[in-house]
>>> print(open('protein-v1.cif').read())   # mmCIF, C-alpha atoms
data_my_file
loop_
_atom_site.label_atom_id
_atom_site.label_comp_id
_atom_site.auth_asym_id
_atom_site.auth_seq_id
_atom_site.Cartn_x
_atom_site.Cartn_y
_atom_site.Cartn_z
CA MET A 230 83.16 98.59 117.88
CA ILE A 231 84.86 101.84 117.09
CA PHE A 232 88.28 102.38 118.62
CA GLU A 233 89.70 105.89 118.64
CA VAL A 234 93.40 105.90 117.85
CA PHE A 235 95.84 108.33 119.41
CA ARG A 236 99.33 108.49 118.02
CA GLN A 237 102.60 109.54 119.59
CA GLU A 238 105.04 110.61 116.93
CA LYS A 239 108.20 110.73 119.06
CA LYS A 240 109.10 109.61 122.57
CA GLY A 241 108.01 112.15 125.14
CA GLN A 242 105.57 113.93 122.85
CA ALA A 243 101.86 114.24 123.57
CA PHE A 244 99.52 111.71 121.97
CA GLN A 245 97.28 113.20 119.34
CA HIS A 246 94.09 111.89 117.87
CA ALA A 247 94.93 110.22 114.57
CA GLY A 248 91.69 108.56 113.48
CA SER A 249 89.72 105.44 114.31
CA VAL A 250 89.35 101.77 113.42
CA ASP A 251 86.16 99.74 113.30
CA ALA A 252 87.03 96.36 114.81
CA PRO A 253 85.15 93.52 116.53
CA ASP A 254 87.44 93.50 119.59
CA ALA A 255 90.66 94.89 121.03
CA ALA A 256 92.89 92.27 119.36
CA PHE A 257 91.58 93.13 115.90
CA ALA A 258 91.76 96.83 116.72
CA GLU A 259 95.43 96.44 117.61
CA ALA A 260 96.31 94.50 114.48
CA TRP A 261 94.48 96.88 112.21
CA ALA A 262 95.72 100.03 113.95
CA ARG A 263 99.31 98.78 113.58
CA GLU A 264 98.74 98.64 109.85
CA GLN A 265 96.99 101.97 109.47
CA PHE A 266 99.02 104.06 111.88
CA GLY A 267 102.31 102.30 112.59
CA ARG A 268 103.93 100.45 109.77
CA ARG A 269 105.52 103.40 108.02
CA GLY A 270 107.60 104.35 111.04
CA GLU A 271 105.26 107.28 111.71
CA SER A 272 104.47 106.37 115.32
CA GLU A 273 106.40 105.71 118.49
CA ALA A 274 103.29 104.39 120.26
CA LEU A 275 99.52 104.22 119.90
CA TRP A 276 96.68 104.49 122.37
CA LEU A 277 93.52 102.63 121.41
CA VAL A 278 90.41 103.72 123.25
CA ALA A 279 86.95 102.21 122.78
CA ARG A 280 84.79 105.10 121.66
CA GLU A 281 82.24 104.46 124.43
CA ALA A 282 85.03 104.84 126.99
CA VAL A 283 85.57 108.42 125.89
CA HIS A 284 83.71 110.81 128.19
CA GLU A 285 82.85 113.70 125.97
CA VAL A 286 82.07 117.18 127.33
CA HIS A 287 80.44 120.07 125.42
CA ASP A 288 78.96 123.52 126.01
CA PHE A 289 80.86 126.01 128.09
CA PRO A 290 78.49 128.97 128.77
CA ASP A 291 80.00 132.40 129.31
CA GLU A 292 76.81 134.47 129.48
CA PHE A 293 78.37 137.46 131.24
CA ASP A 294 81.33 137.72 128.95
CA LEU A 295 83.89 137.47 131.74
CA LYS A 296 86.90 137.98 129.52
CA TYR A 297 89.34 138.31 132.41
CA ARG A 298 88.98 134.59 132.99
CA ARG A 299 90.47 133.83 129.62
CA VAL A 300 94.19 133.57 129.40
CA ASP A 301 94.22 135.22 126.00
CA GLY A 302 91.73 137.97 126.87
CA TYR A 303 93.97 140.55 128.44
CA SER A 304 96.19 142.63 126.19
CA LEU A 305 98.77 144.55 128.18
CA LYS A 306 100.09 146.28 125.11
CA VAL A 307 96.85 148.17 124.41
CA ARG A 308 96.42 149.15 128.07
CA LEU A 309 99.98 150.36 128.28
CA LYS A 310 99.53 152.52 125.20
CA GLU A 311 96.36 154.07 126.62
CA ALA A 312 98.07 154.77 129.96
CA ARG A 313 101.02 156.42 128.24
CA GLU A 314 98.72 158.65 126.21
CA ARG A 315 96.91 159.70 129.38
CA ALA A 316 100.19 160.50 131.11
CA GLY A 317 101.57 162.29 128.07
CA THR A 318 104.71 160.16 128.02
CA THR A 319 105.48 158.40 124.81
CA PRO A 320 108.48 156.05 124.72
CA ALA A 321 111.43 157.06 122.55
CA ARG A 322 110.84 154.16 120.26
CA ALA A 323 107.55 152.40 119.90
CA GLY A 324 107.94 148.79 120.89
CA MET B 56 121.32 71.77 93.32
CA ASN B 57 123.03 71.84 96.70
CA GLU B 58 121.21 71.41 99.99
CA ARG B 59 121.50 75.09 100.89
CA ALA B 60 119.93 76.28 97.63
CA ARG B 61 117.21 73.65 97.86
CA LEU B 62 116.29 74.73 101.38
CA LEU B 63 116.29 78.44 100.52
CA LEU B 64 114.26 77.92 97.36
CA GLU B 65 111.63 75.90 99.24
CA LEU B 66 111.20 78.75 101.65
CA ALA B 67 111.39 81.45 98.98
CA ASP B 68 108.86 79.70 96.75
CA ASP B 69 106.48 79.20 99.69
CA GLU B 70 106.70 82.89 100.57
CA LEU B 71 106.31 84.10 96.98
CA VAL B 72 103.33 81.89 96.25
CA VAL B 73 101.52 82.44 99.56
CA GLY B 74 102.13 86.17 99.17
CA TRP B 75 100.68 86.08 95.69
CA ARG B 76 97.66 84.08 96.84
CA ASP B 77 97.04 86.39 99.80
CA SER B 78 97.26 89.41 97.52
CA GLU B 79 94.25 88.07 95.61
CA TRP B 80 92.14 89.47 98.48
CA THR B 81 93.28 93.02 97.88
CA GLY B 82 90.15 95.08 97.27
CA ILE B 83 87.74 92.30 98.26
CA ALA B 84 88.69 91.34 101.85
CA PRO B 85 85.75 91.26 104.30
CA THR B 86 86.39 94.73 105.74
CA LEU B 87 88.44 97.73 104.71
CA GLU B 88 90.79 97.41 107.68
CA GLU B 89 91.38 93.73 106.99
CA ASP B 90 91.99 94.54 103.35
CA VAL B 91 94.84 96.87 104.32
CA ALA B 92 96.24 94.43 106.88
CA PHE B 93 96.10 91.33 104.69
CA SER B 94 97.49 93.14 101.65
CA SER B 95 100.36 94.32 103.80
CA ILE B 96 101.06 90.77 104.96
CA ALA B 97 101.04 89.65 101.33
CA GLN B 98 103.59 92.34 100.47
CA ASN B 99 105.79 91.31 103.40
CA GLU B 100 105.80 87.68 102.24
CA ILE B 101 106.87 88.69 98.75
CA GLY B 102 109.59 90.88 100.30
CA HIS B 103 110.84 87.86 102.24
CA ALA B 104 110.82 85.80 99.05
CA ARG B 105 112.93 88.42 97.29
CA ALA B 106 115.53 88.47 100.07
CA LEU B 107 115.72 84.65 100.03
CA TYR B 108 116.01 84.48 96.23
CA GLU B 109 118.81 87.03 96.44
CA LEU B 110 120.78 84.72 98.74
CA VAL B 111 120.47 81.88 96.24
CA ALA B 112 121.09 84.19 93.29
CA ARG B 113 124.40 85.40 94.73
CA GLU B 114 125.67 81.85 94.94
CA ARG B 115 124.47 80.94 91.47
CA GLY B 116 125.36 84.13 89.62
CA THR B 117 121.78 84.90 88.69
CA THR B 118 119.15 87.39 89.93
CA ALA B 119 116.16 87.19 92.26
CA ASP B 120 113.80 88.03 89.39
CA GLU B 121 115.18 85.23 87.25
CA LEU B 122 114.69 82.75 90.07
CA ALA B 123 111.20 84.01 90.85
CA PHE B 124 109.86 84.22 87.33
CA ASP B 125 112.05 82.46 84.79
CA ARG B 126 111.80 78.91 86.07
CA SER B 127 109.17 76.57 84.71
CA PRO B 128 106.27 75.71 87.02
CA ASP B 129 107.62 72.21 87.72
CA GLU B 130 110.83 73.68 89.14
CA TYR B 131 109.01 75.46 91.97
CA ARG B 132 109.62 73.85 95.37
CA CYS B 133 106.58 75.23 97.20
CA ALA B 134 104.20 73.10 99.26
CA ARG B 135 100.76 72.24 97.97
CA LEU B 136 99.21 74.25 100.79
CA VAL B 137 100.27 77.58 99.30
CA GLU B 138 99.51 76.70 95.69
CA LEU B 139 95.76 76.39 96.09
CA ARG B 140 93.47 79.14 94.98
CA LEU B 141 91.14 79.58 97.96
CA PRO B 142 88.31 81.99 97.23
CA GLU B 143 86.69 81.23 100.61
CA TRP B 144 87.79 83.54 103.41
CA GLU B 145 87.66 80.86 106.12
CA LYS B 146 89.97 78.65 104.05
CA THR B 147 92.34 81.52 103.42
CA ILE B 148 92.50 82.24 107.14
CA ALA B 149 92.92 78.52 107.92
CA ARG B 150 95.84 78.37 105.47
CA HIS B 151 97.30 81.56 106.94
CA TYR B 152 97.15 80.06 110.43
CA VAL B 153 98.56 76.66 109.46
CA TYR B 154 101.29 78.28 107.37
CA GLU B 155 102.39 80.78 110.01
CA GLU B 156 102.49 78.08 112.65
CA ALA B 157 104.81 75.93 110.54
CA ASP B 158 106.80 78.91 109.29
CA ALA B 159 107.56 79.93 112.88
CA LYS B 160 109.15 76.52 113.55
CA ARG B 161 111.09 76.62 110.31
CA LEU B 162 112.44 80.11 111.04
CA GLU B 163 113.39 79.05 114.56
CA ARG B 164 115.55 76.28 113.04
CA LEU B 165 117.07 78.59 110.43
CA LYS B 166 117.97 81.18 113.08
CA GLN B 167 120.27 78.52 114.57
CA SER B 168 121.95 77.90 111.22
CA GLU B 169 125.76 77.96 111.09
CA ASP B 170 125.47 79.90 107.84
CA ALA B 171 125.52 83.51 109.07
CA ASP B 172 123.63 84.83 106.01
CA ILE B 173 120.79 82.37 106.54
CA ALA B 174 120.64 82.87 110.32
CA GLY B 175 120.68 86.67 109.91
CA LEU B 176 117.98 86.72 107.25
CA ALA B 177 115.81 84.27 109.21
CA ALA B 178 115.99 86.55 112.25
CA LYS B 179 115.07 89.57 110.14
CA ILE B 180 112.13 87.76 108.53
CA ASP B 181 110.99 86.45 111.90
CA ARG B 182 110.64 89.97 113.30
CA GLU B 183 108.00 90.68 110.64
CA GLU B 184 106.44 87.26 110.92
CA ALA B 185 105.74 87.95 114.60
CA TYR B 186 103.10 90.38 113.43
CA HIS B 187 101.69 87.86 110.93
CA ARG B 188 101.38 85.32 113.73
CA MET B 189 99.53 87.80 115.89
CA HIS B 190 97.16 88.48 113.00
CA ALA B 191 96.65 84.75 112.34
CA GLN B 192 96.09 84.07 116.03
CA MET B 193 93.43 86.73 116.44
CA TRP B 194 91.49 85.28 113.51
CA PHE B 195 91.97 81.78 114.88
CA ASP B 196 90.59 82.84 118.27
CA ARG B 197 87.66 84.50 116.53
CA LEU B 198 86.76 81.57 114.27
CA GLU B 199 87.78 78.64 116.49
CA GLY B 200 84.99 76.06 116.71
CA GLU B 201 83.09 77.44 113.70
CA PRO B 202 82.29 74.34 111.60
CA ARG B 203 83.44 75.87 108.30
CA PHE B 204 86.73 76.97 109.84
CA THR B 205 87.28 73.61 111.55
CA SER B 206 86.77 71.67 108.33
CA ALA B 207 89.04 74.10 106.46
CA LEU B 208 91.80 73.43 109.01
CA ASP B 209 91.27 69.68 108.68
CA GLU B 210 91.38 69.90 104.90
CA LEU B 211 94.48 72.09 104.70
CA ARG B 212 96.76 70.86 107.50
CA PRO B 213 97.79 67.67 105.64
CA LEU B 214 98.93 69.76 102.64
CA LEU B 215 101.63 71.52 104.61
CA GLU B 216 104.63 69.42 103.67
CA THR B 217 103.38 67.73 100.53
CA GLY B 218 103.78 68.35 96.85
CA ARG B 219 107.22 69.93 96.83
CA ASP B 220 108.36 67.66 94.02
CA GLU B 221 105.21 68.03 91.95
CA ASN B 222 102.71 70.77 91.47
CA THR B 223 99.01 71.32 91.03
CA SER B 224 97.14 72.85 88.12
CA ASP B 225 96.45 75.72 90.52
CA LEU B 226 100.16 76.53 90.52
CA THR B 227 100.40 76.31 86.75
CA GLU B 228 97.55 78.80 86.43
CA LEU B 229 99.11 81.08 89.02
CA TRP B 230 102.50 80.85 87.33
CA ASP B 231 100.87 81.94 84.11
CA GLU B 232 99.41 85.04 85.82
CA MET B 233 102.58 85.77 87.78
CA THR B 234 104.95 85.66 84.86
CA ILE B 235 102.78 87.02 82.05
CA VAL B 236 104.25 90.52 82.13
CA ARG B 237 107.79 89.25 82.28
CA ARG B 238 107.23 86.77 79.48
CA SER B 239 105.77 89.51 77.30
CA GLN B 240 109.14 91.26 77.34
CA PRO B 241 110.18 91.72 73.70
CA ALA B 242 113.51 90.11 72.80
CA GLY B 243 116.48 92.21 73.78
CA THR B 244 114.70 94.46 76.29
CA LYS B 245 116.45 94.97 79.57
CA TRP B 246 114.66 95.91 82.80
#
>>> encode(input="protein-v1.cif", output="structure tokens")
Amino acid sequence: MIFEVFRQEKKGQAFQHAGSVDAPDAAFAEAWAREQFGRRGESEALWLVAREAVHEVHDFPDEFDLKYRRVDGYSLKVRLKEARERAGTTPARAG
Amino acid sequence: MNERARLLLELADDELVVGWRDSEWTGIAPTLEEDVAFSSIAQNEIGHARALYELVARERGTTADELAFDRSPDEYRCARLVELRLPEWEKTIARHYVYEEADAKRLERLKQSEDADIAGLAAKIDREEAYHRMHAQMWFDRLEGEPRFTSALDELRPLLETGRDENTSDLTELWDEMTIVRRSQPAGTKW
């Protein structure tokens, strides 16, 4: 059985995927994960998740290129510059 | 030798020798993960041995290394159980289980010691041993009832508290391996 290991580096931080262990059951997975991911003081806590318990999701179609739905797809800076050029007002100092 | 030194050396020698024996699986344990885990346990045991030798060394004006490596094989106080070379995994795990079970009781007693150094060190060692016990228990649960494991337990359990005053040829061979580098030290060299 493959167990995916998620590691929390400090209290309060998000758990991040750290790797996996191949173990016959949860007890072995715990013992082995402690060794691989915990004994050098590098982890506050671990999450062990059987790989088959992970519900994986792929493919996010965006056929019509609807950029406005993306949080990073809308640059105000460029639009502002274009608007200022149209209006003929340029700020004293470019910022 | 006083009672305190005798007690500490028994424990230290057990830990050194079982650590050395367990380390013989490094690189050839049944799976990669177990290799890492068991090697780490072996290192811990040798770390415990060093701390215990240091307690005795302070009292006797010597060093941990001298106690670990400069005594003759017949001066070692370890039990027969840890001396044996066990190239069978089920026997190694049976020894690990039997040893950890007994070690837990021994540490529990030492934690109550009136000697603050001994009680403190026993508590420190026990915090690491808790993980060893968990490891031994998971293997025990896995192999329990398997005929080879059952007969290994039957064979090894009686060796737990025997042979402290004498030693096996297995220990003599191990001693030879353990001390070969140190004995090769040319006269006058200091490490």
>>> residues_around(input="protein-v1.cif", residues="segment 88-99 of chain B", least_positions_apart="3", cutoff="10 Å", atoms="only C-alpha atoms", output="PDB file with C-alpha atoms, keeping the file's coordinate frame")
ATOM      1  CA  VAL A 250      89.350 101.770 113.420  1.00  0.00           C
ATOM      2  CA  ASP A 251      86.160  99.740 113.300  1.00  0.00           C
ATOM      3  CA  ALA A 252      87.030  96.360 114.810  1.00  0.00           C
ATOM      4  CA  PHE A 257      91.580  93.130 115.900  1.00  0.00           C
ATOM      5  CA  ALA A 258      91.760  96.830 116.720  1.00  0.00           C
ATOM      6  CA  ALA A 260      96.310  94.500 114.480  1.00  0.00           C
ATOM      7  CA  TRP A 261      94.480  96.880 112.210  1.00  0.00           C
ATOM      8  CA  ALA A 262      95.720 100.030 113.950  1.00  0.00           C
ATOM      9  CA  ARG A 263      99.310  98.780 113.580  1.00  0.00           C
ATOM     10  CA  GLU A 264      98.740  98.640 109.850  1.00  0.00           C
ATOM     11  CA  GLN A 265      96.990 101.970 109.470  1.00  0.00           C
ATOM     12  CA  ARG A 268     103.930 100.450 109.770  1.00  0.00           C
TER      13      ARG A 268
ATOM     14  CA  GLU B  70     106.700  82.890 100.570  1.00  0.00           C
ATOM     15  CA  LEU B  71     106.310  84.100  96.980  1.00  0.00           C
ATOM     16  CA  VAL B  72     103.330  81.890  96.250  1.00  0.00           C
ATOM     17  CA  VAL B  73     101.520  82.440  99.560  1.00  0.00           C
ATOM     18  CA  GLY B  74     102.130  86.170  99.170  1.00  0.00           C
ATOM     19  CA  TRP B  75     100.680  86.080  95.690  1.00  0.00           C
ATOM     20  CA  ARG B  76      97.660  84.080  96.840  1.00  0.00           C
ATOM     21  CA  ASP B  77      97.040  86.390  99.800  1.00  0.00           C
ATOM     22  CA  SER B  78      97.260  89.410  97.520  1.00  0.00           C
ATOM     23  CA  GLU B  79      94.250  88.070  95.610  1.00  0.00           C
ATOM     24  CA  TRP B  80      92.140  89.470  98.480  1.00  0.00           C
ATOM     25  CA  THR B  81      93.280  93.020  97.880  1.00  0.00           C
ATOM     26  CA  GLY B  82      90.150  95.080  97.270  1.00  0.00           C
ATOM     27  CA  ILE B  83      87.740  92.300  98.260  1.00  0.00           C
ATOM     28  CA  ALA B  84      88.690  91.340 101.850  1.00  0.00           C
ATOM     29  CA  PRO B  85      85.750  91.260 104.300  1.00  0.00           C
ATOM     30  CA  GLY B 102     109.590  90.880 100.300  1.00  0.00           C
ATOM     31  CA  HIS B 103     110.840  87.860 102.240  1.00  0.00           C
ATOM     32  CA  ALA B 104     110.820  85.800  99.050  1.00  0.00           C
ATOM     33  CA  ARG B 105     112.930  88.420  97.290  1.00  0.00           C
ATOM     34  CA  ILE B 180     112.130  87.760 108.530  1.00  0.00           C
ATOM     35  CA  GLU B 183     108.000  90.680 110.640  1.00  0.00           C
ATOM     36  CA  GLU B 184     106.440  87.260 110.920  1.00  0.00           C
ATOM     37  CA  TYR B 186     103.100  90.380 113.430  1.00  0.00           C
ATOM     38  CA  HIS B 187     101.690  87.860 110.930  1.00  0.00           C
ATOM     39  CA  HIS B 190      97.160  88.480 113.000  1.00  0.00           C
TER      40      HIS B 190
END
>>> atom_distance(input="protein-v1.cif", atom1="atom CA of Ser239 of chain B", atom2="atom CA of Thr117 of chain B")
20.2 Å
>>> atom_distance(input="protein-v1.cif", atom1="atom CA of Ala312 of chain A", atom2="atom CA of Phe293 of chain A")
26.3 Å
>>> atom_distance(input="protein-v1.cif", atom1="atom CA of Leu275 of chain A", atom2="atom CA of Asp254 of chain A")
16.2 Å
>>> residues_near_point(input="protein-v1.cif", point="(94.5, 68.6, 103.8)", cutoff="12 Å", atoms="all atoms listed in the file", output="CSV table (one decimal) with C-alpha atoms, keeping the file's coordinate frame")
chain,number,residue,atom,x,y,z
B,134,ALA,CA,104.2,73.1,99.3
B,135,ARG,CA,100.8,72.2,98.0
B,136,LEU,CA,99.2,74.2,100.8
B,137,VAL,CA,100.3,77.6,99.3
B,139,LEU,CA,95.8,76.4,96.1
B,146,LYS,CA,90.0,78.6,104.0
B,149,ALA,CA,92.9,78.5,107.9
B,150,ARG,CA,95.8,78.4,105.5
B,153,VAL,CA,98.6,76.7,109.5
B,205,THR,CA,87.3,73.6,111.6
B,206,SER,CA,86.8,71.7,108.3
B,207,ALA,CA,89.0,74.1,106.5
B,208,LEU,CA,91.8,73.4,109.0
B,209,ASP,CA,91.3,69.7,108.7
B,210,GLU,CA,91.4,69.9,104.9
B,211,LEU,CA,94.5,72.1,104.7
B,212,ARG,CA,96.8,70.9,107.5
B,213,PRO,CA,97.8,67.7,105.6
B,214,LEU,CA,98.9,69.8,102.6
B,215,LEU,CA,101.6,71.5,104.6
B,216,GLU,CA,104.6,69.4,103.7
B,217,THR,CA,103.4,67.7,100.5
B,218,GLY,CA,103.8,68.4,96.8
>>> residues_around(input="protein-v1.cif", residues="Val278 of chain A", least_positions_apart="2", cutoff="8 Å", atoms="only C-alpha atoms", output="count of residues only")
7
>>> residues_near_point(input="protein-v1.cif", point="(108.8, 73.3, 84.7)", cutoff="12 Å", atoms="all atoms listed in the file", output="list of chain:residue names")
B:Phe124, B:Asp125, B:Arg126, B:Ser127, B:Pro128, B:Asp129, B:Glu130, B:Tyr131, B:Arg132, B:Asp220, B:Glu221, B:Asn222, B:Thr223, B:Leu226, B:Thr227, B:Trp230, B:Asp231
>>> build_atoms(input="protein-v1.cif", residues="segment 231-264 of chain A", atoms="N, CA and C atoms", output="CSV table (one decimal), in the frame of the given file")
chain,number,residue,atom,x,y,z
A,231,ILE,N,83.9,100.8,117.6
A,231,ILE,CA,84.9,101.8,117.1
A,231,ILE,C,85.9,102.1,118.2
A,232,PHE,N,87.2,102.0,117.7
A,232,PHE,CA,88.3,102.4,118.6
A,232,PHE,C,88.9,103.7,118.1
A,233,GLU,N,89.0,104.7,119.0
A,233,GLU,CA,89.7,105.9,118.6
A,233,GLU,C,91.2,105.7,118.8
A,234,VAL,N,92.0,106.1,117.8
A,234,VAL,CA,93.4,105.9,117.8
A,234,VAL,C,94.1,107.2,118.1
A,235,PHE,N,95.0,107.2,119.1
A,235,PHE,CA,95.8,108.3,119.4
A,235,PHE,C,97.3,107.9,119.1
A,236,ARG,N,98.0,108.8,118.5
A,236,ARG,CA,99.3,108.5,118.0
A,236,ARG,C,100.4,109.4,118.7
A,237,GLN,N,101.5,108.8,119.1
A,237,GLN,CA,102.6,109.5,119.6
A,237,GLN,C,103.7,109.5,118.5
A,238,GLU,N,104.1,110.6,118.0
A,238,GLU,CA,105.0,110.6,116.9
A,238,GLU,C,106.5,110.3,117.4
A,239,LYS,N,106.9,111.0,118.5
A,239,LYS,CA,108.2,110.7,119.1
A,239,LYS,C,108.1,110.5,120.6
A,240,LYS,N,109.1,109.8,121.1
A,240,LYS,CA,109.1,109.6,122.6
A,240,LYS,C,109.0,110.9,123.3
A,241,GLY,N,108.1,111.0,124.3
A,241,GLY,CA,108.0,112.2,125.1
A,241,GLY,C,107.0,113.1,124.6
A,242,GLN,N,106.6,113.0,123.4
A,242,GLN,CA,105.6,113.9,122.8
A,242,GLN,C,104.2,113.5,123.3
A,243,ALA,N,103.2,114.5,123.2
A,243,ALA,CA,101.9,114.2,123.6
A,243,ALA,C,101.2,113.4,122.5
A,244,PHE,N,100.3,112.5,122.9
A,244,PHE,CA,99.5,111.7,122.0
A,244,PHE,C,98.5,112.6,121.3
A,245,GLN,N,98.3,112.4,120.0
A,245,GLN,CA,97.3,113.2,119.3
A,245,GLN,C,96.3,112.3,118.6
A,246,HIS,N,95.1,112.7,118.6
A,246,HIS,CA,94.1,111.9,117.9
A,246,HIS,C,94.5,111.7,116.4
A,247,ALA,N,94.5,110.5,115.9
A,247,ALA,CA,94.9,110.2,114.6
A,247,ALA,C,93.8,109.7,113.7
A,248,GLY,N,92.8,109.1,114.3
A,248,GLY,CA,91.7,108.6,113.5
A,248,GLY,C,91.0,107.5,114.3
A,249,SER,N,90.4,106.5,113.6
A,249,SER,CA,89.7,105.4,114.3
A,249,SER,C,89.7,104.2,113.5
A,250,VAL,N,89.5,103.0,114.1
A,250,VAL,CA,89.4,101.8,113.4
A,250,VAL,C,88.1,101.1,113.9
A,251,ASP,N,87.4,100.5,113.0
A,251,ASP,CA,86.2,99.7,113.3
A,251,ASP,C,86.5,98.3,113.4
A,252,ALA,N,86.5,97.7,114.6
A,252,ALA,CA,87.0,96.4,114.8
A,252,ALA,C,86.1,95.6,115.8
A,253,PRO,N,86.0,94.3,115.6
A,253,PRO,CA,85.2,93.5,116.5
A,253,PRO,C,85.6,93.4,118.0
A,254,ASP,N,86.9,93.5,118.2
A,254,ASP,CA,87.4,93.5,119.6
A,254,ASP,C,88.8,94.2,119.6
A,255,ALA,N,89.4,94.2,120.8
A,255,ALA,CA,90.7,94.9,121.0
A,255,ALA,C,91.8,94.3,120.2
A,256,ALA,N,91.8,92.9,120.1
A,256,ALA,CA,92.9,92.3,119.4
A,256,ALA,C,92.9,92.7,117.9
A,257,PHE,N,91.7,92.7,117.3
A,257,PHE,CA,91.6,93.1,115.9
A,257,PHE,C,91.9,94.6,115.8
A,258,ALA,N,91.5,95.4,116.8
A,258,ALA,CA,91.8,96.8,116.7
A,258,ALA,C,93.3,97.0,116.7
A,259,GLU,N,94.0,96.3,117.5
A,259,GLU,CA,95.4,96.4,117.6
A,259,GLU,C,96.1,96.1,116.3
A,260,ALA,N,95.7,94.9,115.7
A,260,ALA,CA,96.3,94.5,114.5
A,260,ALA,C,96.0,95.5,113.4
A,261,TRP,N,94.8,96.0,113.3
A,261,TRP,CA,94.5,96.9,112.2
A,261,TRP,C,95.1,98.3,112.4
A,262,ALA,N,95.1,98.7,113.7
A,262,ALA,CA,95.7,100.0,114.0
A,262,ALA,C,97.2,100.0,113.6
A,263,ARG,N,97.9,98.9,113.9
A,263,ARG,CA,99.3,98.8,113.6
A,263,ARG,C,99.5,99.0,112.1
A,264,GLU,N,98.6,98.5,111.3
A,264,GLU,CA,98.7,98.6,109.8
A,264,GLU,C,98.5,100.1,109.4
